[in-house]
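Enquirer: If it helps, the file is called work_31.csv and holds CSV, C-alpha atoms:
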chain,number,residue,atom,x,y,z
A,1,MET,CA,53.6,-80.1,-49.0
A,2,GLY,CA,55.6,-83.3,-48.8
A,3,ASP,CA,57.6,-82.4,-45.7
A,4,ILE,CA,57.0,-84.2,-42.5
A,5,THR,CA,58.7,-84.2,-39.1
A,6,LEU,CA,61.4,-86.8,-39.2
A,7,THR,CA,63.1,-86.2,-35.9
A,8,LEU,CA,61.0,-88.5,-33.7
A,9,MET,CA,60.5,-91.4,-36.2
A,10,SER,CA,62.0,-94.7,-35.7
A,11,PRO,CA,65.3,-95.0,-37.6
A,12,LYS,CA,63.8,-97.4,-40.2
A,13,ILE,CA,60.8,-95.3,-40.9
A,14,LYS,CA,62.9,-92.2,-41.0
A,15,MET,CA,65.1,-93.6,-43.7
A,16,GLY,CA,62.2,-94.4,-45.9
A,17,ALA,CA,60.5,-91.0,-45.2
A,18,GLU,CA,63.7,-89.2,-46.2
A,19,MET,CA,63.6,-91.1,-49.5
A,20,VAL,CA,60.0,-89.8,-50.0
A,21,ALA,CA,61.1,-86.3,-49.1
A,22,ARG,CA,63.9,-86.5,-51.7
A,23,GLU,CA,61.3,-87.8,-54.2
A,24,SER,CA,63.3,-91.0,-54.6
A,25,PHE,CA,60.0,-92.7,-55.1
A,26,ASP,CA,61.2,-96.0,-56.7
A,27,GLN,CA,63.6,-96.6,-53.9
A,28,ALA,CA,61.1,-95.5,-51.2
A,29,PHE,CA,58.4,-97.8,-52.6
A,30,GLU,CA,60.7,-100.8,-52.7
A,31,TYR,CA,61.9,-100.0,-49.1
A,32,PHE,CA,58.5,-99.6,-47.6
A,33,GLU,CA,57.1,-102.6,-49.5
A,34,THR,CA,59.9,-104.8,-48.2
A,35,MET,CA,59.3,-103.4,-44.7
A,36,MET,CA,55.6,-104.1,-45.0
A,37,ASN,CA,56.2,-107.7,-46.1
A,38,ASN,CA,58.6,-108.3,-43.3
A,39,GLU,CA,56.5,-106.5,-40.7
A,40,PRO,CA,52.8,-107.1,-41.7
A,41,ASN,CA,51.5,-105.2,-38.7
A,42,ASN,CA,53.6,-102.0,-39.4
A,43,ALA,CA,50.8,-99.6,-40.2
A,44,ILE,CA,53.2,-96.7,-41.0
A,45,ALA,CA,55.0,-98.8,-43.7
A,46,LYS,CA,51.6,-99.8,-45.1
A,47,SER,CA,50.5,-96.2,-45.2
A,48,PHE,CA,53.6,-95.1,-47.1
A,49,VAL,CA,53.1,-98.0,-49.5
A,50,GLY,CA,49.6,-96.7,-50.1
A,51,TYR,CA,50.8,-93.1,-50.5
A,52,LEU,CA,53.5,-94.2,-53.0
A,53,THR,CA,51.1,-96.4,-54.9
A,54,ALA,CA,48.9,-93.3,-55.4
A,55,VAL,CA,51.7,-90.8,-56.2
A,56,HIS,CA,54.4,-92.8,-57.9
A,57,GLN,CA,52.6,-95.7,-59.4
A,58,LYS,CA,49.7,-93.4,-60.4
A,59,ARG,CA,47.1,-95.7,-58.9
A,60,PRO,CA,45.4,-93.4,-56.5
A,61,HIS,CA,42.4,-95.5,-55.8
A,62,ASP,CA,44.5,-98.5,-55.0
A,63,GLY,CA,46.7,-96.3,-52.8
A,64,LEU,CA,43.6,-94.9,-51.1
A,65,GLU,CA,42.4,-98.4,-50.1
A,66,ILE,CA,45.9,-99.3,-48.7
A,67,CYS,CA,46.0,-96.1,-46.7
A,68,LYS,CA,42.5,-96.7,-45.3
A,69,GLU,CA,43.7,-100.2,-44.3
A,70,ALA,CA,46.7,-98.7,-42.5
A,71,VAL,CA,44.5,-96.3,-40.5
A,72,LYS,CA,42.3,-99.2,-39.5
A,73,MET,CA,45.4,-101.0,-38.2
A,74,ASN,CA,46.3,-98.1,-35.9
A,75,GLU,CA,43.7,-95.4,-35.5
A,76,GLU,CA,45.8,-93.4,-33.1
A,77,GLU,CA,48.7,-92.7,-35.4
A,78,PRO,CA,48.3,-89.2,-36.9
A,79,LEU,CA,50.9,-89.8,-39.6
A,80,LEU,CA,48.6,-92.3,-41.2
A,81,TYR,CA,45.9,-89.6,-41.4
A,82,LEU,CA,48.3,-87.3,-43.1
A,83,ASN,CA,49.2,-89.8,-45.8
A,84,LEU,CA,45.5,-90.7,-46.3
A,85,ALA,CA,44.6,-87.0,-46.6
A,86,LYS,CA,47.3,-86.5,-49.3
A,87,VAL,CA,45.8,-89.4,-51.3
A,88,TYR,CA,42.3,-87.9,-51.0
A,89,VAL,CA,43.7,-84.7,-52.5
A,90,LEU,CA,45.2,-86.6,-55.4
A,91,ILE,CA,41.8,-88.0,-56.3
A,92,ASP,CA,40.2,-84.5,-55.9
A,93,ASP,CA,38.3,-85.3,-52.8
A,94,ARG,CA,39.0,-82.3,-50.7
A,95,PHE,CA,36.0,-82.8,-48.4
A,96,HIS,CA,37.4,-86.2,-47.2
A,97,ALA,CA,40.9,-84.8,-47.1
A,98,VAL,CA,39.8,-82.1,-44.6
A,99,LYS,CA,37.8,-84.6,-42.5
A,100,THR,CA,40.8,-86.9,-42.4
A,101,VAL,CA,43.2,-84.2,-41.2
A,102,GLN,CA,40.6,-83.2,-38.6
A,103,LYS,CA,40.6,-86.8,-37.3
A,104,GLY,CA,44.4,-86.8,-37.1
A,105,LEU,CA,44.4,-83.6,-35.2
A,106,ARG,CA,42.5,-85.2,-32.3
A,107,TYR,CA,45.8,-86.6,-31.1
A,108,LYS,CA,47.3,-83.5,-29.5
A,109,SER,CA,50.5,-85.1,-28.2
A,110,SER,CA,51.6,-86.3,-31.6
A,111,PRO,CA,55.0,-85.1,-33.0
A,112,TYR,CA,53.1,-84.9,-36.4
A,113,ARG,CA,50.6,-82.4,-35.1
A,114,ASN,CA,52.4,-79.4,-36.8
A,115,ASP,CA,52.5,-81.4,-40.0
A,116,LEU,CA,48.8,-81.9,-39.9
A,117,VAL,CA,48.1,-78.3,-39.0
A,118,ASN,CA,50.3,-77.1,-41.9
A,119,TYR,CA,48.5,-79.5,-44.3
A,120,TYR,CA,45.2,-78.3,-43.0
A,121,ARG,CA,46.2,-74.7,-43.8
A,122,PHE,CA,47.4,-75.8,-47.2
A,123,LEU,CA,44.0,-77.3,-47.9
A,124,GLY,CA,42.3,-74.1,-46.8
A,125,VAL,CA,39.0,-73.9,-44.9
A,126,ARG,CA,35.8,-72.6,-46.4
A,127,LYS,CA,33.7,-70.2,-44.4
A,128,LYS,CA,30.3,-71.2,-43.3
A,129,PRO,CA,27.5,-70.2,-45.7
A,130,PRO,CA,25.7,-67.0,-44.6
A,131,LEU,CA,22.4,-68.8,-44.0
A,132,GLY,CA,23.5,-72.1,-42.4
A,133,PHE,CA,20.1,-73.7,-42.6
A,134,LEU,CA,20.3,-73.5,-46.4
A,135,GLY,CA,22.7,-75.5,-48.6
A,136,ARG,CA,25.9,-73.9,-49.7
A,137,SER,CA,24.7,-73.8,-53.4
A,138,ASN,CA,21.4,-72.2,-52.6
A,139,PRO,CA,21.0,-69.0,-54.6
A,140,LEU,CA,20.5,-66.9,-51.5
A,141,ASN,CA,23.7,-68.2,-49.9
A,142,VAL,CA,25.6,-67.7,-53.2
A,143,ILE,CA,24.4,-64.0,-53.5
A,144,LEU,CA,24.9,-63.2,-49.9
A,145,GLY,CA,28.3,-64.8,-49.9
A,146,LYS,CA,29.4,-62.8,-52.9
A,147,LEU,CA,28.1,-59.6,-51.3
A,148,THR,CA,29.8,-60.2,-47.9
A,149,ARG,CA,33.1,-61.2,-49.6
A,150,LYS,CA,33.4,-57.8,-51.3
Can you give me the file's structure in the form of structure tokens?

Expert:
Amino acid sequence: MGDITLTLMSPKIKMGAEMVARESFDQAFEYFETMMNNEPNNAIAKSFVGYLTAVHQKRPHDGLEICKEAVKMNEEEPLLYLNLAKVYVLIDDRFHAVKTVQKGLRYKSSPYRNDLVNYYRFLGVRKKPPLGFLGRSNPLNVILGKLTRK
């Protein structure tokens, strides 16, 4: 699930994203870190540094904070939400990953909309509990859920 739409990216971002797609993580991290240092307001570069910090450097909580900072820098860039959601998945926080993808999907004209939709499908969506006024783990919902699933 690492593929993203590369066609409409700026050439500089595209080059780094291709490194990530090829799993050349050392090279991609160095590339995006240099870009982030040269262009401190580049939220996309910061987001990729966060993602690579989590994935490659195996520091998911540090990567999460960097990705969150990137989203704050540009809340209307869906690619940032995609990278943040992937980091949430790394730390086993599926709930926030789904919420993050949903936020990114608000931007309908984005070239990354299909990437977000595909990642949303990858995450999977749970059905609502049979009795919505009760919690998901309530024994009635658990039993009714098992009965309706069969």

Enquirer: Between A:Phe32, A:Phe48, A:Glu77, A:Pro129, which residue has the minimum interatomic distance to Ser109 in chain A, considering only C-alpha atoms?

Expert: A:Glu77

Enquirer: Could you please determine the separation between CA of Gly145 in chain A and CA of Arg94 in chain A in Å, to one decimal place?

Expert: 20.5 Å

Enquirer: Given all atoms listed in the file as the basis, pick out the residue of A:Val55, A:Leu82, A:Leu64, A:Ile91 nearest to Asn114 in chain A.

Expert: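 Nearest to Asn114 in chain A: A:Leu82.
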
Enquirer: Applying 10 Å and only C-alpha atoms, which residues near Tyr120 in chain A remain after dropping the ones on its own chain fewer than 2 positions away? List them as number ranges by chain.

Expert: A: 82, 85, 97-102, 105, 114-118, 122-125

Enquirer: For each of A:Val89, A:Ile44, A:Leu147, A:Met36, take the minimum atom-to-atom distance to Ala70 in chain A, counting only C-alpha atoms, then give the residue where this is smallest.

Expert: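 Of all the options, A:Ile44 lies closest to Ala70 in chain A.
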
Enquirer: Write a file for range 135-147 of chain A of the given structure; include N, CA and C atoms and format it as a PDB file, in the first residue's frame.

Expert:
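Result file out-v9.pdb:
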ATOM      1  N   GLY A 135     -22.683   0.359  23.381  1.00  0.00           N
ATOM      2  CA  GLY A 135     -21.294   0.280  22.933  1.00  0.00           C
ATOM      3  C   GLY A 135     -21.032  -0.970  22.104  1.00  0.00           C
ATOM      4  N   ARG A 136     -20.018  -0.913  21.273  1.00  0.00           N
ATOM      5  CA  ARG A 136     -19.660  -2.029  20.401  1.00  0.00           C
ATOM      6  C   ARG A 136     -19.355  -3.303  21.196  1.00  0.00           C
ATOM      7  N   SER A 137     -18.769  -3.151  22.376  1.00  0.00           N
ATOM      8  CA  SER A 137     -18.374  -4.320  23.167  1.00  0.00           C
ATOM      9  C   SER A 137     -19.487  -4.809  24.106  1.00  0.00           C
ATOM     10  N   ASN A 138     -20.646  -4.148  24.070  1.00  0.00           N
ATOM     11  CA  ASN A 138     -21.762  -4.604  24.902  1.00  0.00           C
ATOM     12  C   ASN A 138     -22.138  -6.031  24.496  1.00  0.00           C
ATOM     13  N   PRO A 139     -22.372  -6.923  25.461  1.00  0.00           N
ATOM     14  CA  PRO A 139     -22.677  -8.326  25.136  1.00  0.00           C
ATOM     15  C   PRO A 139     -23.855  -8.502  24.163  1.00  0.00           C
ATOM     16  N   LEU A 140     -24.869  -7.649  24.265  1.00  0.00           N
ATOM     17  CA  LEU A 140     -25.988  -7.750  23.311  1.00  0.00           C
ATOM     18  C   LEU A 140     -25.526  -7.483  21.882  1.00  0.00           C
ATOM     19  N   ASN A 141     -24.704  -6.445  21.708  1.00  0.00           N
ATOM     20  CA  ASN A 141     -24.187  -6.141  20.375  1.00  0.00           C
ATOM     21  C   ASN A 141     -23.270  -7.239  19.870  1.00  0.00           C
ATOM     22  N   VAL A 142     -22.489  -7.805  20.751  1.00  0.00           N
ATOM     23  CA  VAL A 142     -21.571  -8.882  20.348  1.00  0.00           C
ATOM     24  C   VAL A 142     -22.378 -10.086  19.859  1.00  0.00           C
ATOM     25  N   ILE A 143     -23.380 -10.476  20.619  1.00  0.00           N
ATOM     26  CA  ILE A 143     -24.190 -11.645  20.247  1.00  0.00           C
ATOM     27  C   ILE A 143     -24.982 -11.380  18.978  1.00  0.00           C
ATOM     28  N   LEU A 144     -25.643 -10.232  18.917  1.00  0.00           N
ATOM     29  CA  LEU A 144     -26.427  -9.912  17.710  1.00  0.00           C
ATOM     30  C   LEU A 144     -25.519  -9.787  16.484  1.00  0.00           C
ATOM     31  N   GLY A 145     -24.354  -9.218  16.681  1.00  0.00           N
ATOM     32  CA  GLY A 145     -23.402  -9.095  15.577  1.00  0.00           C
ATOM     33  C   GLY A 145     -22.974 -10.448  15.041  1.00  0.00           C
ATOM     34  N   LYS A 146     -22.723 -11.384  15.943  1.00  0.00           N
ATOM     35  CA  LYS A 146     -22.327 -12.730  15.521  1.00  0.00           C
ATOM     36  C   LYS A 146     -23.482 -13.425  14.798  1.00  0.00           C
ATOM     37  N   LEU A 147     -24.709 -13.237  15.303  1.00  0.00           N
ATOM     38  CA  LEU A 147     -25.864 -13.866  14.675  1.00  0.00           C
ATOM     39  C   LEU A 147     -26.148 -13.307  13.287  1.00  0.00           C
TER      40      LEU A 147
END
